[in-house]
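Since the structure comes first, as structure tokens, the remarks are kept for the end.
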Number of protein chains: 6
Amino acid sequence: MRIRSGVSGFDDLIGGGFLPERLYVLSGPPGSGKTTFTAQFVAEGLRNGEQCMYITMHETREELVNDMSSYTFGFETLTDSDNFRFLNLVSPKGKHVLNQFSQGGGSSSVKSLTDKIVAFVNSRNVDRLIIDSTMLLRLFFANGSEEMTRFLTALKQGDATTLLISEMTDPSSYSDEHYLAHGVVFFHNYLEAGGMTRGVQVIKMRGTNIDCDIRSVEFTEGGLVVDPSTTVET
Amino acid sequence: MRIRSGVSGFDDLIGGGFLPERLYVLSGPPGSGKTTFTAQFVAEGLRNGEQCMYITMHETREELVNDMSSYTFGFETLTDSDNFRFLNLVSPKGKHVLNQFSQGGGSSSVKSLTDKIVAFVNSRNVDRLIIDSTMLLRLFFANGSEEMTRFLTALKQGDATTLLISEMTDPSSYSDEHYLAHGVVFFHNYLEAGGMTRGVQVIKMRGTNIDCDIRSVEFTEGGLVVDPSTTVET
Amino acid sequence: MRIRSGVSGFDDLIGGGFLPERLYVLSGPPGSGKTTFTAQFVAEGLRNGEQCMYITMHETREELVNDMSSYTFGFETLTDSDNFRFLNLVSPKGKHVLNQFSQGGGSSSVKSLTDKIVAFVNSRNVDRLIIDSTMLLRLFFANGSEEMTRFLTALKQGDATTLLISEMTDPSSYSDEHYLAHGVVFFHNYLEAGGMTRGVQVIKMRGTNIDCDIRSVEFTEGGLVVDPSTTVET
Amino acid sequence: MRIRSGVSGFDDLIGGGFLPERLYVLSGPPGSGKTTFTAQFVAEGLRNGEQCMYITMHETREELVNDMSSYTFGFETLTDSDNFRFLNLVSPKGKHVLNQFSQGGGSSSVKSLTDKIVAFVNSRNVDRLIIDSTMLLRLFFANGSEEMTRFLTALKQGDATTLLISEMTDPSSYSDEHYLAHGVVFFHNYLEAGGMTRGVQVIKMRGTNIDCDIRSVEFTEGGLVVDPSTTVET
Amino acid sequence: MRIRSGVSGFDDLIGGGFLPERLYVLSGPPGSGKTTFTAQFVAEGLRNGEQCMYITMHETREELVNDMSSYTFGFETLTDSDNFRFLNLVSPKGKHVLNQFSQGGGSSSVKSLTDKIVAFVNSRNVDRLIIDSTMLLRLFFANGSEEMTRFLTALKQGDATTLLISEMTDPSSYSDEHYLAHGVVFFHNYLEAGGMTRGVQVIKMRGTNIDCDIRSVEFTEGGLVVDPSTTVET
Amino acid sequence: MRIRSGVSGFDDLIGGGFLPERLYVLSGPPGSGKTTFTAQFVAEGLRNGEQCMYITMHETREELVNDMSSYTFGFETLTDSDNFRFLNLVSPKGKHVLNQFSQGGGSSSVKSLTDKIVAFVNSRNVDRLIIDSTMLLRLFFANGSEEMTRFLTALKQGDATTLLISEMTDPSSYSDEHYLAHGVVFFHNYLEAGGMTRGVQVIKMRGTNIDCDIRSVEFTEGGLVVDPSTTVET
């Protein structure tokens, strides 16, 4: 079974969709389409009646909804559903929700952020999970790479199909998450002849015969649209 | 509703103006026009009777007014109004003003700089807010990226339309603020054939169909003028 | 005697196969084929009735098997054998297994991770050993380079033919393991004209007359296939 | 009113001269002309009967005078005047002079270097001030960027027209002082076809319509001479 | 008198051989031929009846002998002699040997690693000494550059002709040892048109009129062979 | 009066010789000729009956003499004179000599290395002084840049004409000493078409009308020879 991304044309690059219950990393510079991609992914899931969860460290639910309201894929209406959960880890409400997951079955009342998030995600039957983003997660992790590795390992063993936004501007300087994830999608912004050329590229997708070319991607009224037949020259 | 920038030609690049109550980052090398842009933005607001606030860490009000007095957009006259507030965070007066916001409703008399600034901004009905600059803010934040993220998150949730000056010379090495902001505008200075070519580029603008080309920008008597029909080749 | 890699065409580059009981490093960017190569290496060994051990810091046995199940080299069936051992160093079970090796013959109950892993490997008659990966090992080693050197030195003196996955994206910035290993194989991913060209290159192979050209490598249904007669231009 | 630089041809690039009472940064590699420029600036002031002060961290007055004695702009004669003050911050005499400014009006006998220098400068009616250099100032400042910002802010609010020498070799890696100064002048040394081509470029000059081209500059018997009509190709 | 290297063609580049009792550094990327060069250097010495010592931090004697056994210069037979001493500094035996040199003539029982190694080398009449390598030595030196300088200075003043393997991949980023050594030989590996071109270059050789061109070098059955008449284009 | 360098052709680049009693920096990669230049400079002084001092941190007097014995400028004979003093700061004898300068006129028996060296140099009437090198000096200075600045400032105020060897491989990444010195000479080694092209370039020479072109330099039997009429193309 394949999980459809909700982004027109994209699934053709990865054999029809994402393999379920795996961890995928979306990387690219500011304004390259990472957030819009995740919103379309969530909208697709909600249209199918799936449980979707959006975990962020810097956005309110209102901001996200407003930002996506100019597109026609129905984010506002779809997310106004019990199947959608939004968690801002730094808001008072978000902290309160998380802390409910810090009292385990026994005496240990101290749990790491990783443990709390994972316990919270596991308590729901989340089908699609978004984490925005690794740059911010690193700020909250006391010991950088080590905790990040634990967190990513835990996500990989969960039941959700997870998209992790990973800020990254140089397509050749990889981070831990790129090596650990099952798949890596890179969004390109080329400054060319005074303008911007956009592309999307599947760098890695374990167990899938992928199209690794940089394919054209555009922002349209309906959100991101990939043209799997057009290669972007670098 | 769109917020007009006050910079001739610029609003054509972003669908008629900035979306209100959001956070925008202006980046670029020294002398590229960041400060002049913010002065024109403030002047535009004051002409419309809006509340404007300018928070800086290195400039006196007199210096800023003098620097802008050679332009014809009327900065000196317009800012001589109760609608304009100027706050230098490192001057004795600026510190005094801020400290009034450190006594909250209760016992906690210790507040972070972020809390004080946000409380101060929120105490006025600020429509347009300028923060100059991230480089200097980082000096005042005890724990760099973490506090900066808190500060930016707080600004995003405030009611002002905010321009944040972010020193940055390499258009491909982004900082936290570029990922967190709703929009990013980059000012280019190209050394070409012994001279300087200037350009402005909208890198990112959530929820807006933007023109991402590098457009020509010039310093004129009336301030910065963007020519939205001329692309600058890189 | 030469150890066949199980990767079609690869052994032609190294004189018929790996020299036994030595340490080899596999390096390259995400998605370049390092993990698939090790899976084919293990499958080859199991087909020959050899003892194979896979030590990882981020993958479950199920994930690895699933990831390789789309290939036709029979990983799932072959690894379902007593000759295959899988150890995840960060799982509770993996930690428990390792700790059995922390009580030596005497009083010293404290052993370093290196000592435990080496004792465990030596307790079995491992013919083929995979370690995934140096990036993650470094996280577990308290004093980086020094412990890594001890670990690699110990592996070199063991009896297994060892493949060590070493994340590395720039083929000219070598790490300790590249200098210490008996052999180094590099997987290349070139972004060219909007697409990805893949290559494999034997950088170093002590005591062997090697083909150092970058040879074409492709992902096929049967796993990685090297074409030793096709050179990839850089 | 404009302050003439004393460097032939240079004032044409900046609208007739420097705006008074502001802070300007001179940057460039060793041997590019920064010191000679400041000496001509001082000589021009002394010819006009202005108070000039030269603050250095590494030069004796004798060395500076000797170095400039091969030029014909009369540095030795002009500086032999009560209008010229020379202060070496690391010489015993310099330290003694500065310490006189560490006893303020009250009990606080401990003052930072910034406070002492500013108090000393303000005690004279300095018209033209030279600080040589930021690289050395940083050595004396306990907490780098923060104290440097305080120092530059204080200079900007003083009454002198200040030239600050800032060592910098890469014209695109700016430091704090380039962002904080009212103006930035860059001296270029190009290694071209085995020789050196020299240029001067005004990067930034607040409130002034500047010529940003790289203009030819030469060392002559009369000191630096700028040819505002000749552009240097990079 | 000149010390022949044992590498065919190499001595033509350095006036007939190495000057005796000096320190030479061999640098280059993994697989470029540094270790093979030292083995040929040792074999040449043993053929002449000289005392040779090989100090390593990561190799067993067996490994080194095996690695060189595929060549025809007779390393295995020649090193099976009392004139050859092999010391692995990290093996228990190596540590035991070294510690015999930590009890000096008096009370000071604590000696640095440098002192022990130098005392050990001086206790034999070593003619040819190999140290493999600086990267590993740095791990054992508590205070990096300072101890390395002491060690190199001590080696320079000893009586052996010493080859020091120094890992280094960028031929323009030199380390302390390159400045301190009497001579520096660099091994090049060029990735060109999909293949590897090999070269050797004498960067420095005090007191000798050297050939500084990059000369062709190949791995042959007889070991490394330099062709002093063929220049490798970069 | 000008101080002749002793290097044929070089003085033509700097107006006939060095200005006396100043500090000059010689920079360049290993094997580029820095040490040979200083030996010729010392030989020239000794031929004129001047007092010469050579301070090093890594060379014995014997090594230096041997290294220069293959040249015909008579270093061995000339330095066998009471006018030549050689001081190795890290040898027991060198330390003993220096410590005689640590008891000043009073109670302060603790003096910094800078103070001791300067006191020693000043106790002789040194005409020509060589310091080899800044890389090593930094190892001995507890607080890097600050002590280096003090040391260089002290040297500049002494009476000797000083050549300071400063290891530096990238001609555009300058260090403190390049900014502080009166003059900077750079030795170039270009790897071109498989060979080495040598050049010397005067980057800076205060108070002197210099030739800044990169001029050809060769190692000959008589030492370094500059051809002031041949420019080396980069």
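Letters for chains follow the order of the structure tokens (A, B, ...), residue numbers begin at 1 for each chain, and ligand numbers begin at 1 in the order shown.
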Shell around Ala160 of chain D at 12 Å using only C-alpha atoms, local window under 5 positions removed, as a list of chain:residue names: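 Neighbouring residues, sequence-local ones excluded: D:Ile3, D:Phe18, D:Leu19, D:Pro20, D:Glu21, D:Arg22, D:Leu23, D:Tyr24, D:Gly45, D:Glu50, D:Gln51, D:Cys52, D:Met53, D:Tyr54, D:Val118, D:Val121, D:Asn122, D:Ser123, D:Arg124, D:Asn125, D:Val126, D:Asp127, D:Arg128, D:Leu129, D:Ile130, D:Ile131, D:Ala154, D:Leu155.
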Alpha helix (DSSP H) per DSSP on the backbone: members of segment 149-218 of chain D, as an MDAnalysis selection string: chainID D and resid 149:157 176:180
Residue hits in chain F, query chain D, radius 6 Å, only C-alpha atoms, as a ChimeraX atom specification: /F:146,153,179,204,206-207,212-214,231-234
Those of segment 73-151 of chain D in DSSP strand (DSSP E or B), formatted as a PyMOL selection string: chain D and resi 84-88+128-132
Close residues, Gly17 of chain F itself excluded, 7 Å, only C-alpha atoms, min 4 positions apart in chain, as a PyMOL selection string: chain F and resi 2-5+11
